[in-house]
>>> print(open('upload.txt').read())   # compact mmCIF, C-alpha atoms
# COMPACT_ATOMS: atom_id res chain seq x y z
CA MET A 3 -9.91 38.45 0.02
CA ALA A 4 -13.35 38.15 1.44
CA GLY A 5 -14.12 36.85 4.89
CA SER A 6 -13.07 39.53 7.34
CA PRO A 7 -12.21 43.23 7.34
CA SER A 8 -8.51 42.38 7.35
CA GLY A 9 -8.95 39.94 4.51
CA LEU A 10 -8.01 36.96 6.63
CA PRO A 11 -9.91 33.80 5.79
CA THR A 12 -11.38 32.05 8.79
CA THR A 13 -10.77 28.60 7.39
CA PRO A 14 -8.11 28.66 4.69
CA PRO A 15 -8.48 25.50 2.63
CA TYR A 16 -5.69 23.00 2.53
CA TRP A 17 -5.28 21.70 -0.97
CA ASN A 18 -3.21 18.81 -2.13
CA PRO A 19 -3.89 17.67 -5.69
CA ALA A 20 -1.25 14.99 -5.39
CA PHE A 21 -3.46 13.08 -3.04
CA ASN A 22 -6.92 14.44 -3.74
CA ASN A 23 -7.04 13.41 -7.38
CA ILE A 24 -5.78 9.87 -7.12
CA THR A 25 -6.70 6.81 -5.16
CA SER A 26 -4.32 6.64 -2.26
CA LEU A 27 -3.30 3.33 -0.77
CA TYR A 28 -4.18 4.80 2.57
CA GLY A 29 -7.67 5.82 1.56
CA PRO A 30 -9.24 9.26 1.80
CA GLY A 31 -6.86 11.77 3.29
CA GLY A 32 -3.83 9.71 2.47
CA SER A 33 -2.68 9.13 6.03
CA PRO A 34 -0.85 5.88 6.72
CA MET A 35 -1.75 6.26 10.39
CA PRO A 36 -5.35 7.46 10.53
CA GLY A 37 -6.34 8.73 13.92
CA LEU A 38 -2.80 8.89 15.18
CA ILE A 39 -1.57 11.97 13.41
CA SER A 40 -3.13 14.60 11.23
CA PRO A 41 -3.27 13.56 7.58
CA TYR A 42 -1.71 16.92 6.79
CA ALA A 43 1.37 16.09 8.82
CA THR A 44 2.16 13.08 6.66
CA TYR A 45 2.91 15.29 3.67
CA GLY A 46 6.21 16.51 5.07
CA MET A 47 7.40 19.18 7.43
CA ASN A 48 9.56 21.18 5.07
CA LEU A 49 9.77 22.34 1.47
CA ASN A 50 9.31 18.75 0.33
CA PHE A 51 5.63 19.38 0.85
CA ILE A 52 5.68 21.91 -1.97
CA ALA A 53 7.19 19.29 -4.23
CA ALA A 54 4.27 16.99 -3.47
CA VAL A 55 1.81 19.73 -4.31
CA MET A 56 3.61 20.87 -7.42
CA PHE A 57 4.48 17.53 -8.86
CA PRO A 58 1.54 15.14 -8.54
CA GLN A 59 3.09 12.83 -11.14
CA VAL A 60 5.82 11.95 -8.64
CA ALA A 61 3.23 10.97 -6.07
CA SER A 62 1.06 9.07 -8.53
CA THR A 63 3.97 7.09 -10.01
CA PHE A 64 5.28 6.36 -6.51
CA ILE A 65 1.91 4.96 -5.48
CA ALA A 66 1.76 2.92 -8.68
CA LEU A 67 5.20 1.53 -7.84
CA GLN A 68 4.13 0.83 -4.27
CA THR A 69 1.00 -0.95 -5.49
CA SER A 70 2.92 -3.09 -7.97
CA LEU A 71 5.43 -4.03 -5.27
CA LEU A 72 2.72 -4.98 -2.79
CA ASN A 73 0.94 -7.13 -5.34
CA VAL A 74 3.98 -8.67 -6.98
CA ASP A 75 4.07 -12.39 -7.60
CA ALA A 76 7.74 -13.39 -7.81
CA SER A 77 6.91 -16.45 -9.89
CA ASN A 78 5.19 -14.37 -12.54
CA PRO A 79 7.62 -12.74 -15.02
CA ALA A 80 4.92 -10.38 -16.25
CA ALA A 81 4.40 -9.04 -12.72
CA LEU A 82 8.14 -8.47 -12.32
CA LEU A 83 8.18 -6.65 -15.62
CA GLN A 84 5.35 -4.46 -14.36
CA VAL A 85 7.41 -3.55 -11.28
CA GLN A 86 10.36 -2.61 -13.51
CA LEU A 87 8.07 -0.50 -15.67
CA THR A 88 6.52 1.41 -12.76
CA MET A 89 9.97 1.89 -11.24
CA SER A 90 11.30 3.49 -14.40
CA GLU A 91 8.18 5.68 -14.62
CA TYR A 92 8.81 6.85 -11.06
CA GLU A 93 12.47 7.55 -11.81
CA ASN A 94 11.52 9.52 -14.91
CA ALA A 95 9.02 11.58 -12.93
CA VAL A 96 11.61 12.40 -10.27
CA GLN A 97 14.25 13.33 -12.85
CA SER A 98 11.93 15.53 -14.88
CA THR A 99 10.75 17.41 -11.81
CA SER A 100 14.08 17.94 -10.07
CA GLN A 101 14.98 20.76 -12.46
CA MET A 102 11.59 22.34 -11.89
CA TYR A 103 12.02 22.13 -8.15
CA ALA A 104 15.46 23.72 -8.35
CA SER A 105 14.11 26.64 -10.38
CA PHE A 106 11.22 27.04 -7.94
CA GLU A 107 13.60 27.17 -5.00
CA THR A 108 15.78 29.70 -6.83
CA LEU A 109 12.72 31.81 -7.58
CA ILE A 110 11.57 31.89 -3.96
CA LYS A 111 15.06 32.79 -2.72
CA ALA A 112 15.33 35.53 -5.35
CA ILE A 113 11.96 36.98 -4.27
CA ILE A 114 13.09 37.14 -0.66
CA GLN A 115 16.43 38.66 -1.60
CA ASN A 116 14.80 41.33 -3.77
CA ILE A 117 12.18 42.57 -1.31
CA MET B 7 18.48 33.89 4.26
CA SER B 8 19.94 34.46 7.68
CA HIS B 9 18.15 36.31 10.45
CA HIS B 10 19.89 38.76 12.68
CA ALA B 11 16.99 39.23 15.01
CA THR B 12 19.02 40.53 17.90
CA ASP B 13 20.34 43.48 15.90
CA HIS B 14 17.05 44.55 14.35
CA HIS B 15 15.14 46.14 17.13
CA SER B 16 17.55 48.96 17.79
CA THR B 17 17.39 50.12 14.16
CA HIS B 18 13.61 50.04 13.61
CA HIS B 19 12.82 53.55 14.68
CA THR B 20 15.70 54.98 12.70
CA ASP B 21 14.58 53.17 9.55
CA ALA B 22 10.99 54.33 9.96
CA ALA B 23 12.01 57.89 10.60
CA THR B 24 14.58 58.29 7.84
CA SER B 25 13.32 56.05 5.06
CA HIS B 26 10.14 56.46 3.07
CA ALA B 27 10.45 52.88 1.84
CA GLY B 28 8.22 51.57 4.62
CA LEU B 29 7.77 50.98 8.31
CA ILE B 30 9.64 47.71 8.40
CA SER B 31 13.32 47.28 7.62
CA LYS B 32 14.38 45.28 4.59
CA GLU B 33 15.88 42.55 6.75
CA ASP B 34 12.70 42.20 8.78
CA ARG B 35 10.60 42.14 5.63
CA GLN B 36 12.75 39.30 4.34
CA MET B 37 12.44 37.50 7.65
CA PHE B 38 8.63 37.90 7.69
CA MET B 39 8.38 36.77 4.09
CA GLU B 40 10.35 33.65 4.82
CA MET B 41 8.41 33.05 8.03
CA GLY B 42 5.05 33.32 6.28
CA MET B 43 6.07 30.99 3.48
CA MET B 44 7.60 28.48 5.85
CA ALA B 45 4.54 28.62 8.10
CA HIS B 46 2.33 27.80 5.15
CA ASN B 47 4.68 25.05 4.00
CA ASN B 48 4.75 23.61 7.49
CA VAL B 49 1.05 22.93 7.75
CA LEU B 50 0.21 26.30 9.24
CA PRO B 51 -1.77 27.94 6.41
CA TRP B 52 -3.80 30.14 8.77
CA GLU B 53 -0.64 31.56 10.29
CA GLY B 54 0.78 32.27 6.83
CA HIS B 55 -2.40 34.11 5.84
CA ALA B 56 -2.47 35.96 9.16
CA LEU B 57 1.12 37.16 8.88
CA PHE B 58 0.78 38.42 5.33
CA GLY B 59 -2.63 39.90 6.14
CA GLN B 60 -1.10 41.93 8.95
CA LEU B 61 1.82 43.01 6.77
CA LEU B 62 -0.70 44.09 4.14
CA LEU B 63 -2.38 46.31 6.72
CA VAL B 64 0.93 47.75 7.93
CA GLU B 65 2.46 48.34 4.51
CA PRO B 66 -0.38 48.45 1.96
CA GLU B 67 1.75 50.25 -0.61
CA GLU B 68 4.48 47.61 -0.61
CA ALA B 69 4.40 44.66 -2.98
CA TYR B 70 5.85 41.95 -0.79
CA PRO B 71 2.78 41.32 1.47
CA ARG B 72 0.65 40.75 -1.62
CA VAL B 73 3.28 38.47 -3.14
CA GLY B 74 3.46 36.51 0.12
CA MET B 75 -0.31 36.29 0.38
CA ALA B 76 -0.48 35.18 -3.25
CA TYR B 77 2.05 32.45 -2.48
CA CYS B 78 -0.28 31.17 0.27
CA LYS B 79 -3.24 31.35 -2.11
CA ILE B 80 -1.36 29.40 -4.79
CA MET B 81 -0.33 26.72 -2.34
CA GLY B 82 -3.93 26.61 -1.11
CA GLY B 83 -5.28 26.15 -4.64
CA GLN B 84 -6.99 29.58 -4.66
CA PHE B 85 -5.57 30.54 -8.01
CA ALA B 86 -8.06 33.27 -8.94
CA GLU B 87 -7.29 35.13 -5.72
CA ALA B 88 -3.57 34.71 -6.32
CA HIS B 89 -3.86 36.23 -9.80
CA GLN B 90 -5.91 39.09 -8.38
CA LEU B 91 -3.25 39.86 -5.79
CA LEU B 92 -0.37 39.60 -8.26
CA LYS B 93 -2.13 41.74 -10.87
CA ASN B 94 -2.52 44.57 -8.37
CA LYS B 95 -0.84 47.79 -9.45
CA VAL B 96 1.20 47.84 -6.26
CA VAL B 97 2.84 44.61 -7.43
CA THR B 98 3.03 45.28 -11.18
CA SER B 99 4.78 48.61 -10.59
CA SER B 100 7.26 47.16 -8.10
CA SER B 101 10.66 45.53 -8.40
CA LEU B 102 8.94 42.21 -7.72
CA LYS B 103 6.80 42.40 -10.87
CA ASP B 104 8.77 39.78 -12.84
CA PHE B 105 8.75 37.40 -9.90
CA ALA B 106 5.01 37.98 -9.61
CA LEU B 107 4.65 36.95 -13.25
CA ALA B 108 6.52 33.72 -12.53
CA LEU B 109 4.20 33.01 -9.60
CA ARG B 110 1.21 33.65 -11.86
CA GLY B 111 2.77 31.20 -14.29
CA LEU B 112 2.99 28.68 -11.46
CA ALA B 113 -0.69 29.27 -10.68
CA PHE B 114 -1.61 28.58 -14.31
CA TYR B 115 0.62 25.50 -14.23
CA LEU B 116 -1.02 24.08 -11.13
CA ALA B 117 -4.46 24.89 -12.50
CA LYS B 118 -3.47 23.04 -15.70
CA GLN B 119 -4.01 26.04 -17.95
CA PRO B 120 -1.24 25.74 -20.57
CA LYS B 121 -2.74 28.31 -22.96
CA GLU B 122 -2.91 30.98 -20.29
CA LEU B 123 0.61 30.11 -19.14
CA GLU B 124 2.07 30.45 -22.63
CA GLN B 125 0.14 33.64 -23.31
CA LEU B 126 1.40 35.22 -20.09
CA PHE B 127 4.97 34.30 -21.01
CA LYS B 128 4.65 35.67 -24.56
CA GLU B 129 3.21 38.93 -23.32
CA HIS B 130 6.16 39.49 -20.99
CA GLU B 131 8.96 37.65 -22.77
CA GLN B 132 11.17 40.70 -23.23
CA PRO B 133 11.16 42.06 -19.66
CA LEU B 134 11.62 38.50 -18.37
CA GLU B 135 14.89 38.27 -20.30
CA LYS B 136 16.47 40.37 -17.57
CA ASN B 137 15.20 38.24 -14.71
CA LEU B 138 16.89 34.86 -14.86
CA PRO B 139 15.09 33.12 -11.94
CA ALA B 140 11.68 34.17 -13.24
CA ARG B 141 12.49 33.29 -16.85
CA ASN B 142 13.91 29.87 -15.91
CA MET B 143 10.83 29.14 -13.86
CA PHE B 144 8.61 30.00 -16.83
CA GLN B 145 10.64 27.86 -19.19
CA ASN B 146 10.45 24.87 -16.87
CA LEU B 147 6.73 25.34 -16.39
CA ILE B 148 6.08 25.55 -20.12
CA THR B 149 8.22 22.56 -21.04
CA THR B 150 6.74 20.27 -18.40
CA LEU B 151 3.05 21.15 -18.65
>>> encode(input="upload.txt", output="C-alpha cells")
Amino acid sequence: MAGSPSGLPTTPPYWNPAFNNITSLYGPGGSPMPGLISPYATYGMNLNFIAAVMFPQVASTFIALQTSLLNVDASNPAALLQVQLTMSEYENAVQSTSQMYASFETLIKAIIQNI
Amino acid sequence: MSHHATDHHSTHHTDAATSHAGLISKEDRQMFMEMGMMAHNNVLPWEGHALFGQLLLVEPEEAYPRVGMAYCKIMGGQFAEAHQLLKNKVVTSSSLKDFALALRGLAFYLAKQPKELEQLFKEHEQPLEKNLPARNMFQNLITTL
C-alpha cells in the first residue's frame, strides 16, 4: 500500500473490464450521455455494479444483442436469426452468472456477519 | 445487516475497557465494513480506501480492515495488492481466513488465472469444507472460469 504513510492511495484507479476490454456502443468510457453525467455513474448505483465488473460476458453479450437489434433488417431472415442467436447468448450469460452472483452476495454477507 | 447506530455510542467505552478484542464494537465493525464496501460499490472508491485505511490504523491486529481493503483492491483491479493483504498473517490466523481465501479466488478469477485459482482451492480444500459460503464461491469460480 504505497502512496502515503497511512497507505491511502491518492488516486485509486477505477477499473471496469466489462467496458474497458470491449468496444462499447457509446465509445470510450461507455457513457450514453457523455458530458452530462460521469461515465462511472452509468454503471449502476448499487451492487449491480459488481455484477458488471465480475461478469463481463453479460455486458459483452448484451452489447452484441443491442448492436444486432440496432442493425436489424426485418426483411432479411438471416439478420433476424442473428438477433435470435445473440439473444440466446445473452440469456445464457445471465443464467450462468446468476448462481455466481448469489454465491458472491452470500460470501460478502457471511464475511460481515463473522467479523 | 441492520444498523443500530443510536444504541452504539453509549456502549463504546465499556467495550473498549472490558474487551481485548479491539477498540470498536462488533456491531460497529460490521457497520464500517458494510459502509466501506458500499462506498466502493457506489462509485466512491477513495472513500472506501480511506475508511479501511483508518480502520487499519485503529485496529492493526484485526483482520477485517485488511479484508475490507482487499475487497476495494479487488474491485479496483489491484489484484497483487489484494493478495498481499489477504496473505497477511493477521488475516490467515483469523476467523476470516477461509473467506479471505475465497476473495483471493475471486481475484484470480477476475485476473483470468485459472491455474492459480485451482491450486489455491486444492491447497485449502479440506478447511474450506467447513465454510459453505467460501466453498460455494470457489466452486462457482472454478466451474465458470
>>> atom_distance(input="upload.txt", atom1="CA of Asn116 (chain A)", atom2="CA of Leu62 (chain B)")
17.6 Å
>>> atom_distance(input="upload.txt", atom1="CA of Met75 (chain B)", atom2="CA of Phe58 (chain B)")
5.5 Å
>>> atom_distance(input="upload.txt", atom1="CA of Ser105 (chain A)", atom2="CA of Glu129 (chain B)")
20.9 Å
>>> closest_atom_pairs(input="upload.txt", of="chain B", to="chain A", cutoff="7 Å", atoms="only C-alpha atoms", output="tab-separated table")
residue	atom	partner	partner_atom	distance
B:Lys32	CA	A:Ile117	CA	6.9
B:Gln36	CA	A:Ile114	CA	5.5
B:Met39	CA	A:Ile114	CA	6.7
B:Asn47	CA	A:Leu49	CA	6.3
B:Asn48	CA	A:Met47	CA	5.2
B:Val49	CA	A:Tyr42	CA	6.7
B:Pro51	CA	A:Pro14	CA	6.6
B:Trp52	CA	A:Pro14	CA	6.1
B:His55	CA	A:Leu10	CA	6.3
B:Ala56	CA	A:Leu10	CA	6.2
B:Gly59	CA	A:Leu10	CA	6.2
B:Tyr70	CA	A:Ile117	CA	6.4
B:Gly82	CA	A:Trp17	CA	5.1
B:Gly83	CA	A:Trp17	CA	5.8
B:Leu102	CA	A:Ile113	CA	7.0
B:Phe105	CA	A:Ile113	CA	6.5
B:Leu116	CA	A:Met56	CA	6.7
B:Pro139	CA	A:Leu109	CA	5.1
B:Ala140	CA	A:Leu109	CA	6.2
B:Asn142	CA	A:Ser105	CA	6.4
B:Met143	CA	A:Ser105	CA	5.4
B:Asn146	CA	A:Met102	CA	5.7
>>> residues_near_point(input="upload.txt", point="(1.5, 25.4, -14.6)", cutoff="12 Å", atoms="only C-alpha atoms", output="PyMOL selection string")
(chain A and resi 55-58+102+106) or (chain B and resi 80+85+108-124+126-127+143-151)
>>> residues_around(input="upload.txt", residues="Val85 (chain A)", least_positions_apart="6", cutoff="12 Å", atoms="all atoms listed in the file", output="PDB file with C-alpha atoms, in the frame of the given file")
ATOM      1  CA  THR A  63       3.970   7.090 -10.010  1.00  0.00           C
ATOM      2  CA  PHE A  64       5.280   6.360  -6.510  1.00  0.00           C
ATOM      3  CA  ILE A  65       1.910   4.960  -5.480  1.00  0.00           C
ATOM      4  CA  ALA A  66       1.760   2.920  -8.680  1.00  0.00           C
ATOM      5  CA  LEU A  67       5.200   1.530  -7.840  1.00  0.00           C
ATOM      6  CA  GLN A  68       4.130   0.830  -4.270  1.00  0.00           C
ATOM      7  CA  THR A  69       1.000  -0.950  -5.490  1.00  0.00           C
ATOM      8  CA  SER A  70       2.920  -3.090  -7.970  1.00  0.00           C
ATOM      9  CA  LEU A  71       5.430  -4.030  -5.270  1.00  0.00           C
ATOM     10  CA  LEU A  72       2.720  -4.980  -2.790  1.00  0.00           C
ATOM     11  CA  ASN A  73       0.940  -7.130  -5.340  1.00  0.00           C
ATOM     12  CA  VAL A  74       3.980  -8.670  -6.980  1.00  0.00           C
ATOM     13  CA  ASP A  75       4.070 -12.390  -7.600  1.00  0.00           C
ATOM     14  CA  ALA A  76       7.740 -13.390  -7.810  1.00  0.00           C
ATOM     15  CA  ASN A  78       5.190 -14.370 -12.540  1.00  0.00           C
ATOM     16  CA  PRO A  79       7.620 -12.740 -15.020  1.00  0.00           C
ATOM     17  CA  GLU A  91       8.180   5.680 -14.620  1.00  0.00           C
ATOM     18  CA  TYR A  92       8.810   6.850 -11.060  1.00  0.00           C
TER      19      TYR A  92
END
>>> residues_around(input="upload.txt", residues="Glu65 (chain B)", least_positions_apart="4", cutoff="9 Å", atoms="all atoms listed in the file", output="ChimeraX atom specification")
/B:28-30,60-61,69-71
>>> axis_aligned_box(input="upload.txt", around="region 140-148 of chain B", padding_each_side="4 Å", output="lines of an AutoDock Vina configuration file")
center_x = 10.0
center_y = 29.5
center_z = -16.7
size_x = 15.8
size_y = 17.3
size_z = 14.9
>>> closest_residue(input="upload.txt", among="B:Leu107, B:Met43, B:Met37, B:Val96", to="Met81 (chain B)", atoms="only C-alpha atoms")
B:Met43
